[in-house]
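Only one structure is covered here, and it is reproduced in the block below.
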Amino acid sequence: MIRPNKNGYYGEYGGAFVPEMLYQNVNELQENYEKIIFSENFQKEYKNYLKNYVGRPTPLYEARNLSQKYGTKIYLKREDLCHTGAHKINNAIGQVLLAKYMGKKKIIAETGAGQHGVATATACALLNMPCEIFMGEKDMERQKLNVLRMKMLGSKVTPAVSGSKTLKDATNEAIRAWIQDPQNTYYVIGSVVGPHPYPDIVTLFQSIISQEINSQLHEYGYELPNYVIACVGGGSNAIGAFYQFISNSFTKLIAVEAAGEGIHTPKTAATIALGKKGILHGSLSYLIQTEDGQIFEPHSISAGLDYPGIGPIHSYLHDAKLSQVLSATDQEALEAALELTQLEGIIPALESAHAIAALKKLTFQPNEIVVINLSGRGDKDMNTYQQVFQYE
Ligand SMILES: *Cc1c(COP(=O)(O)O)cnc(C)c1O
């Protein structure tokens with residue numbers, strides 16, 4: 001299993017670049033997380049929630065119509081059927097439970113489109129923890145439904161009103177709140193990003209996805225998949241789906257980035273394709289930057305992939321040629337979403353549609369096993385689908 005070294009590096013990527021005020025807090029987490037997560041009590045409680053609350057194991061569904069179209073055997077890992085509609089809840093429950101075991105009294109998180117905010121607010125309602133979610137004021141207007149969900153779940157939603165009033169401003173606000181009361185506050189990060197040990201923590205919680213894929217394929221009578229395909233924003237659903245298969249050289253791991261309007265346009269979010277090494281949100285990884293080293297404003301039609309960085313483990317996998325990185329444009333993702341919907345009766349999240357779009361970019365043999373991680377359901381994207389497909 002791939003784990004970071006004690007300083008949080010996967011090869012040359014990762015680390016923990018945090019303000020001095022947070023050293024002690026991050027250190028406390030570094031020193032305690034493995035002991036807690038691997039303890040029998042924690043595992044028992046966490047697995048119970050995954051089974052009886054989240055609804056795991058999620059099905060590994062043989063998509064016959066899609067398979068016929070692409071001339072191979074395609075299985076969909078149905079993370080869209082998790083409670084709250086995506087994989088993010090696997091991690092949110094794990095981290096809020098970790099916070100409880102550490103004796104923390106309050107949860108904070110930042111959210112862009114609101115998906116991680118909803119997952120965290122859900123876990124906090126379940127586990128009786130006070131919760132404050134920071135969200136850019138502009139994002140709050142764009143994602144009203146998720147704001148309402150968080151409020152109904154009992155969380156405080158605090159608008160970030162500085163700068164561009166989006167995700168990066170919400171991150172600044174959350175870090176400010178963390179510094180104010182580091183002793184009692186636990187900061188829940190939503191993807192395999194941030195300072196060590198967050199990428200490792202999120203990887204451990206999401207790796208349940210590939211553990212299940214592995215045993216479900218065995219039940220179908222297969223040893224290993226030929227391909228595992230997943231979309232990448234920060235990279236948590238992808239690493240979750242890849243994790244068990246990284247160490248075998250048979251399975252090809254395909255990470256699909258959001259190309260936006262195209263990787264040769266300024267409206268893109270294809271981090272590995274365009275990025276250079278840099279530090280963002282506490283770790284060193286590939287990062288899309290302007291020529292003078294400023295953080296680039298990314299674009300993708302899917303809010304969950306609209307991120308200028310990528311988790312350090314994905315930079316490592318890419319450089320070590322342990323994964324292959326493709327990209328899909330907004331247009332390609334929309335076409336793939338419609339295709340999946342009409343062939344299989346499953347409306348995917350726009351993020352997940354990027355993984356489906358990769359089917360057109362690869363060539364398969366008839367007896368190959370292709371697993372696609374369907375990270376979330378498409379309800380949240382119906383406004384976009386309605387506009388694009390012009391439904392009355
Ligand atoms: C947030 C989100 C993503 C992107 O995040 P990762 O950490 O890259 O998985 C992908 N799909 C869905 C449905 C999401 O909500």
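Following the order of the structure tokens, chains are lettered A, B, ..., residues in each are numbered from 1, and ligands are numbered from 1.
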
**Message:** Give me, as a PyMOL selection string, all polymer residues having an atom no more than 8 Å from stretch 354-370 of chain A, counting only C-alpha atoms and skipping those fewer than 6 positions away in the same chain.
**Reply:** chain A and resi 70-75+224-231+255-258+326-329+332-333+335-337+340

Keeping only N, CA and C atoms, write the selected residues to a file as a CSV table (one decimal), in the first residue's frame.
```csv
chain,number,residue,atom,x,y,z
A,70,TYR,N,-19.5,0.0,-26.3
A,70,TYR,CA,-18.1,0.2,-26.4
A,70,TYR,C,-17.3,-1.2,-26.6
A,71,GLY,N,-18.1,-2.2,-26.8
A,71,GLY,CA,-17.5,-3.5,-27.1
A,71,GLY,C,-16.6,-4.1,-26.1
A,72,THR,N,-16.9,-3.9,-24.8
A,72,THR,CA,-16.1,-4.5,-23.7
A,72,THR,C,-17.1,-4.7,-22.5
A,73,LYS,N,-16.5,-5.1,-21.3
A,73,LYS,CA,-17.3,-5.3,-20.2
A,73,LYS,C,-17.2,-4.1,-19.2
A,74,ILE,N,-18.2,-3.3,-19.0
A,74,ILE,CA,-18.1,-2.1,-18.2
A,74,ILE,C,-18.9,-2.3,-16.9
A,75,TYR,N,-18.3,-2.1,-15.8
A,75,TYR,CA,-18.9,-2.1,-14.5
A,75,TYR,C,-18.9,-0.7,-13.9
A,224,LEU,N,-8.8,-9.4,-11.5
A,224,LEU,CA,-8.4,-8.0,-11.5
A,224,LEU,C,-9.1,-7.3,-12.6
A,225,PRO,N,-9.4,-6.0,-12.5
A,225,PRO,CA,-9.9,-5.2,-13.6
A,225,PRO,C,-8.8,-4.9,-14.5
A,226,ASN,N,-9.1,-4.7,-15.8
A,226,ASN,CA,-8.0,-4.2,-16.8
A,226,ASN,C,-7.9,-2.7,-16.6
A,227,TYR,N,-9.0,-2.0,-16.3
A,227,TYR,CA,-9.0,-0.6,-16.2
A,227,TYR,C,-9.8,-0.2,-15.0
A,228,VAL,N,-9.4,0.9,-14.3
A,228,VAL,CA,-10.2,1.6,-13.3
A,228,VAL,C,-10.2,3.1,-13.8
A,229,ILE,N,-11.3,3.6,-14.0
A,229,ILE,CA,-11.4,5.0,-14.5
A,229,ILE,C,-12.2,5.9,-13.5
A,230,ALA,N,-11.6,7.1,-13.2
A,230,ALA,CA,-12.3,8.0,-12.3
A,230,ALA,C,-12.0,9.4,-12.7
A,231,CYS,N,-12.9,10.4,-12.4
A,231,CYS,CA,-12.6,11.8,-12.5
A,231,CYS,C,-11.7,12.3,-11.4
A,255,ALA,N,-7.0,8.5,-14.7
A,255,ALA,CA,-7.5,9.7,-14.0
A,255,ALA,C,-7.9,10.7,-15.1
A,256,VAL,N,-9.2,11.2,-14.9
A,256,VAL,CA,-9.7,12.1,-16.0
A,256,VAL,C,-9.9,13.5,-15.4
A,257,GLU,N,-9.1,14.4,-15.9
A,257,GLU,CA,-9.2,15.8,-15.4
A,257,GLU,C,-10.3,16.6,-16.3
A,258,ALA,N,-10.7,17.7,-15.7
A,258,ALA,CA,-11.6,18.6,-16.5
A,258,ALA,C,-10.8,19.5,-17.4
A,326,LEU,N,-5.9,11.5,-18.4
A,326,LEU,CA,-6.6,12.0,-19.6
A,326,LEU,C,-7.4,13.3,-19.2
A,327,SER,N,-8.0,14.0,-20.2
A,327,SER,CA,-8.9,15.0,-19.8
A,327,SER,C,-10.1,15.0,-20.7
A,328,ALA,N,-11.2,15.5,-20.2
A,328,ALA,CA,-12.4,15.6,-21.0
A,328,ALA,C,-13.0,17.0,-20.9
A,329,THR,N,-13.5,17.5,-22.0
A,329,THR,CA,-14.0,18.9,-22.0
A,329,THR,C,-15.4,18.9,-21.4
A,332,GLU,N,-17.7,17.2,-23.9
A,332,GLU,CA,-17.6,15.8,-23.9
A,332,GLU,C,-18.3,15.2,-22.6
A,333,ALA,N,-18.1,15.9,-21.5
A,333,ALA,CA,-18.8,15.4,-20.3
A,333,ALA,C,-20.3,15.5,-20.4
A,335,GLU,N,-22.1,15.3,-23.2
A,335,GLU,CA,-22.5,14.2,-24.1
A,335,GLU,C,-22.5,12.8,-23.4
A,336,ALA,N,-21.4,12.6,-22.5
A,336,ALA,CA,-21.3,11.4,-21.8
A,336,ALA,C,-22.4,11.2,-20.8
A,337,ALA,N,-22.8,12.3,-20.2
A,337,ALA,CA,-23.9,12.3,-19.2
A,337,ALA,C,-25.2,11.9,-19.8
A,340,LEU,N,-25.0,8.1,-20.8
A,340,LEU,CA,-25.2,7.2,-19.7
A,340,LEU,C,-26.7,7.2,-19.2
```

**Request:** From a DSSP pass on the backbone, collect the residues of stretch 91-296 of chain A flagged as strand (DSSP E) and hand them back as a ChimeraX atom specification.
**Result:** /A:106-111,131-136,156-160,185-187,227-231,252-260,276-280,283-287

Write the residues of the selection above to a file with N, CA and C atoms, as a compact mmCIF listing (two decimals), in the first residue's frame.
```txt
# COMPACT_ATOMS: atom_id res chain seq x y z
N LYS A 106 -15.61 21.12 18.09
CA LYS A 106 -16.25 21.89 17.03
C LYS A 106 -15.65 21.53 15.68
N ILE A 107 -16.51 21.48 14.67
CA ILE A 107 -16.05 21.15 13.32
C ILE A 107 -16.15 22.39 12.43
N ILE A 108 -15.12 22.64 11.65
CA ILE A 108 -15.22 23.64 10.59
C ILE A 108 -14.82 23.01 9.25
N ALA A 109 -15.32 23.60 8.19
CA ALA A 109 -14.93 23.14 6.84
C ALA A 109 -15.20 24.28 5.87
N GLU A 110 -14.53 24.22 4.71
CA GLU A 110 -14.90 25.16 3.66
C GLU A 110 -15.49 24.36 2.51
N THR A 111 -16.30 25.01 1.72
CA THR A 111 -16.90 24.29 0.60
C THR A 111 -17.03 25.23 -0.59
N CYS A 131 -21.13 22.63 13.99
CA CYS A 131 -20.46 22.70 12.69
C CYS A 131 -20.60 24.08 12.07
N GLU A 132 -19.49 24.62 11.58
CA GLU A 132 -19.54 25.89 10.85
C GLU A 132 -18.89 25.69 9.48
N ILE A 133 -19.64 26.03 8.45
CA ILE A 133 -19.15 25.85 7.08
C ILE A 133 -18.89 27.23 6.47
N PHE A 134 -17.71 27.41 5.91
CA PHE A 134 -17.36 28.66 5.24
C PHE A 134 -17.55 28.49 3.74
N MET A 135 -18.21 29.48 3.15
CA MET A 135 -18.54 29.36 1.73
C MET A 135 -18.50 30.75 1.11
N GLY A 136 -17.91 30.87 -0.06
CA GLY A 136 -17.87 32.16 -0.75
C GLY A 136 -19.28 32.69 -0.97
N LYS A 156 -23.94 26.15 10.84
CA LYS A 156 -23.87 27.58 10.58
C LYS A 156 -23.14 27.74 9.24
N VAL A 157 -23.69 28.51 8.34
CA VAL A 157 -23.02 28.75 7.07
C VAL A 157 -22.54 30.20 7.06
N THR A 158 -21.22 30.38 7.03
CA THR A 158 -20.65 31.73 7.10
C THR A 158 -20.14 32.14 5.73
N PRO A 159 -20.67 33.24 5.18
CA PRO A 159 -20.21 33.67 3.86
C PRO A 159 -18.82 34.30 3.91
N ALA A 160 -18.00 33.97 2.91
CA ALA A 160 -16.71 34.65 2.75
C ALA A 160 -16.94 35.79 1.77
N THR A 185 -10.92 22.99 17.84
CA THR A 185 -11.51 22.94 16.50
C THR A 185 -10.85 21.85 15.66
N TYR A 186 -11.66 21.10 14.93
CA TYR A 186 -11.14 20.17 13.93
C TYR A 186 -11.57 20.66 12.55
N TYR A 187 -10.60 20.75 11.63
CA TYR A 187 -10.85 21.24 10.29
C TYR A 187 -10.99 20.03 9.35
N TYR A 227 -9.02 -2.03 -16.35
CA TYR A 227 -9.00 -0.57 -16.19
C TYR A 227 -9.83 -0.16 -14.99
N VAL A 228 -9.37 0.86 -14.28
CA VAL A 228 -10.23 1.59 -13.35
C VAL A 228 -10.17 3.06 -13.77
N ILE A 229 -11.34 3.65 -13.99
CA ILE A 229 -11.41 5.02 -14.52
C ILE A 229 -12.16 5.89 -13.52
N ALA A 230 -11.61 7.08 -13.23
CA ALA A 230 -12.30 8.00 -12.31
C ALA A 230 -11.96 9.44 -12.66
N CYS A 231 -12.87 10.35 -12.35
CA CYS A 231 -12.60 11.77 -12.54
C CYS A 231 -11.75 12.29 -11.38
N LYS A 252 -4.78 -0.87 -15.38
CA LYS A 252 -4.44 0.50 -15.79
C LYS A 252 -5.35 1.47 -15.05
N LEU A 253 -4.75 2.44 -14.39
CA LEU A 253 -5.50 3.42 -13.62
C LEU A 253 -5.60 4.71 -14.43
N ILE A 254 -6.82 5.11 -14.74
CA ILE A 254 -7.03 6.26 -15.63
C ILE A 254 -7.68 7.39 -14.85
N ALA A 255 -6.97 8.50 -14.68
CA ALA A 255 -7.51 9.68 -14.00
C ALA A 255 -7.95 10.69 -15.06
N VAL A 256 -9.18 11.18 -14.92
CA VAL A 256 -9.70 12.09 -15.95
C VAL A 256 -9.89 13.48 -15.36
N GLU A 257 -9.13 14.44 -15.89
CA GLU A 257 -9.23 15.82 -15.43
C GLU A 257 -10.26 16.58 -16.27
N ALA A 258 -10.68 17.73 -15.73
CA ALA A 258 -11.61 18.58 -16.46
C ALA A 258 -10.85 19.52 -17.38
N ALA A 259 -11.04 19.36 -18.68
CA ALA A 259 -10.38 20.25 -19.65
C ALA A 259 -11.14 21.55 -19.83
N GLY A 260 -12.35 21.64 -19.26
CA GLY A 260 -13.15 22.86 -19.43
C GLY A 260 -13.47 23.09 -20.89
N LYS A 276 2.54 23.15 -13.09
CA LYS A 276 3.95 23.05 -12.68
C LYS A 276 3.95 22.87 -11.18
N LYS A 277 5.09 22.43 -10.65
CA LYS A 277 5.15 22.22 -9.21
C LYS A 277 4.97 23.53 -8.45
N GLY A 278 4.18 23.46 -7.41
CA GLY A 278 3.96 24.65 -6.59
C GLY A 278 3.23 24.25 -5.31
N ILE A 279 3.11 25.22 -4.40
CA ILE A 279 2.47 24.93 -3.11
C ILE A 279 1.10 25.60 -3.05
N LEU A 280 0.10 24.79 -2.76
CA LEU A 280 -1.26 25.32 -2.58
C LEU A 280 -1.90 24.57 -1.42
N SER A 283 0.32 21.90 0.67
CA SER A 283 1.18 20.83 0.17
C SER A 283 1.73 21.15 -1.22
N LEU A 284 2.83 20.46 -1.54
CA LEU A 284 3.47 20.68 -2.82
C LEU A 284 2.96 19.65 -3.83
N SER A 285 2.51 20.15 -4.97
CA SER A 285 1.95 19.26 -5.98
C SER A 285 1.95 19.99 -7.32
N TYR A 286 1.40 19.34 -8.34
CA TYR A 286 1.18 20.08 -9.58
C TYR A 286 0.10 21.13 -9.32
N LEU A 287 0.23 22.26 -10.03
CA LEU A 287 -0.63 23.39 -9.77
C LEU A 287 -0.67 24.23 -11.04
```

**Request:** Would you mind telling me which residue in A:Met21, A:Ile175, A:Ala273, A:Val232 lies nearest to ligand 1 when using only C-alpha atoms and all ligand atoms?
**Result:** A:Val232

**Message:** Give me the residues near stretch 39-53 of chain A as a list in words, where near means some atom within 10 Å (using only C-alpha atoms) and where sequence neighbours in that chain fewer than 2 positions away do not count.
**Reply:** Tyr33, Glu34, Lys35, Ile36, Ile37, Gly55, Arg56, Pro57, Thr58, Cys82, His83, Ile89, Asn90, Ile93, Gly94, Gln95, Leu97, Leu98, Tyr101, Leu126, Phe205 and Ile208 of chain A

Could the residues in this selection be written to a file with N, CA, C and O atoms, as a CSV table (one decimal), in the first residue's frame?
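The result, stored in again15.csv:
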```
chain,number,residue,atom,x,y,z
A,33,TYR,N,-3.4,10.4,14.3
A,33,TYR,CA,-4.5,9.9,13.4
A,33,TYR,C,-4.3,8.4,13.2
A,33,TYR,O,-5.4,7.7,13.1
A,34,GLU,N,-3.1,7.8,13.0
A,34,GLU,CA,-3.0,6.4,12.7
A,34,GLU,C,-3.5,5.5,13.8
A,34,GLU,O,-4.2,4.6,13.6
A,35,LYS,N,-3.0,5.9,15.0
A,35,LYS,CA,-3.4,5.2,16.2
A,35,LYS,C,-4.9,5.1,16.3
A,35,LYS,O,-5.4,4.0,16.6
A,36,ILE,N,-5.6,6.2,16.1
A,36,ILE,CA,-7.0,6.2,16.2
A,36,ILE,C,-7.7,5.4,15.1
A,36,ILE,O,-8.5,4.5,15.3
A,37,ILE,N,-7.3,5.8,13.9
A,37,ILE,CA,-8.0,5.2,12.7
A,37,ILE,C,-7.9,3.7,12.7
A,37,ILE,O,-8.8,3.0,12.3
A,55,GLY,N,-25.0,3.2,3.5
A,55,GLY,CA,-25.5,2.3,2.6
A,55,GLY,C,-24.5,1.5,1.8
A,55,GLY,O,-24.7,1.1,0.7
A,56,ARG,N,-23.3,1.2,2.5
A,56,ARG,CA,-22.3,0.4,1.8
A,56,ARG,C,-22.5,-1.1,2.1
A,56,ARG,O,-23.0,-1.4,3.2
A,57,PRO,N,-21.9,-1.9,1.3
A,57,PRO,CA,-21.2,-1.7,0.1
A,57,PRO,C,-22.2,-1.1,-1.0
A,57,PRO,O,-23.3,-1.6,-1.1
A,58,THR,N,-21.7,-0.2,-1.8
A,58,THR,CA,-22.5,0.3,-3.0
A,58,THR,C,-22.3,-0.8,-4.1
A,58,THR,O,-21.3,-1.5,-4.1
A,82,CYS,N,-24.6,6.4,-2.5
A,82,CYS,CA,-24.3,6.7,-1.1
A,82,CYS,C,-25.3,7.7,-0.5
A,82,CYS,O,-25.8,8.6,-1.3
A,83,HIS,N,-25.6,7.6,0.8
A,83,HIS,CA,-26.4,8.7,1.4
A,83,HIS,C,-25.8,10.0,1.1
A,83,HIS,O,-24.6,10.2,1.2
A,89,ILE,N,-19.3,11.5,1.6
A,89,ILE,CA,-19.7,11.2,2.9
A,89,ILE,C,-18.8,10.1,3.6
A,89,ILE,O,-18.6,10.1,4.8
A,90,ASN,N,-18.2,9.3,2.8
A,90,ASN,CA,-17.2,8.3,3.3
A,90,ASN,C,-16.2,9.0,4.2
A,90,ASN,O,-15.8,8.5,5.3
A,93,ILE,N,-17.7,11.4,7.4
A,93,ILE,CA,-18.0,10.7,8.6
A,93,ILE,C,-16.7,10.2,9.3
A,93,ILE,O,-16.6,10.3,10.5
A,94,GLY,N,-15.8,9.7,8.5
A,94,GLY,CA,-14.5,9.3,9.1
A,94,GLY,C,-13.8,10.4,9.8
A,94,GLY,O,-13.4,10.2,11.0
A,95,GLN,N,-13.8,11.6,9.2
A,95,GLN,CA,-13.0,12.7,9.9
A,95,GLN,C,-13.8,13.3,11.1
A,95,GLN,O,-13.1,13.6,12.1
A,97,LEU,N,-15.7,11.6,13.0
A,97,LEU,CA,-15.5,10.6,14.1
A,97,LEU,C,-14.1,10.7,14.7
A,97,LEU,O,-13.9,10.6,15.9
A,98,LEU,N,-13.1,10.9,13.8
A,98,LEU,CA,-11.7,11.1,14.2
A,98,LEU,C,-11.6,12.3,15.2
A,98,LEU,O,-11.0,12.3,16.2
A,101,TYR,N,-12.9,11.3,18.6
A,101,TYR,CA,-11.9,10.5,19.3
A,101,TYR,C,-10.8,11.4,19.8
A,101,TYR,O,-10.1,11.0,20.8
A,126,LEU,N,-25.3,13.7,12.5
A,126,LEU,CA,-25.3,12.3,12.9
A,126,LEU,C,-24.5,12.2,14.2
A,126,LEU,O,-24.9,11.4,15.1
A,205,PHE,N,-9.8,6.7,4.2
A,205,PHE,CA,-11.2,6.6,4.3
A,205,PHE,C,-11.9,6.3,2.9
A,205,PHE,O,-12.9,5.6,2.9
A,208,ILE,N,-12.0,2.4,0.9
A,208,ILE,CA,-13.1,1.4,1.0
A,208,ILE,C,-13.7,1.2,-0.4
A,208,ILE,O,-14.2,0.0,-0.7
```

**Complete:** Using only C-alpha atoms, the residue out of A:Cys124, A:Gly311, A:Ser215, A:Pro182 with shortest distance to A:Asn27 is A:Pro182

**DSSP-assigned alpha helix (DSSP H) among stretch 32-251 of chain A, expressed as JSON, numbers by chain** = {"A": [32, 33, 34, 35, 36, 37, 40, 41, 42, 43, 44, 45, 46, 47, 48, 49, 64, 65, 66, 67, 68, 69, 70, 88, 89, 90, 91, 92, 93, 94, 95, 96, 97, 98, 99, 100, 101, 115, 116, 117, 118, 119, 120, 121, 122, 123, 124, 125, 126, 127, 137, 138, 139, 140, 141, 142, 144, 145, 146, 147, 148, 149, 150, 151, 152, 167, 168, 169, 170, 171, 172, 173, 174, 175, 176, 177, 178, 179, 180, 198, 199, 200, 201, 202, 203, 204, 205, 206, 208, 209, 210, 211, 212, 213, 214, 215, 216, 217, 218, 219, 236, 237, 238, 239, 240, 241, 242]}
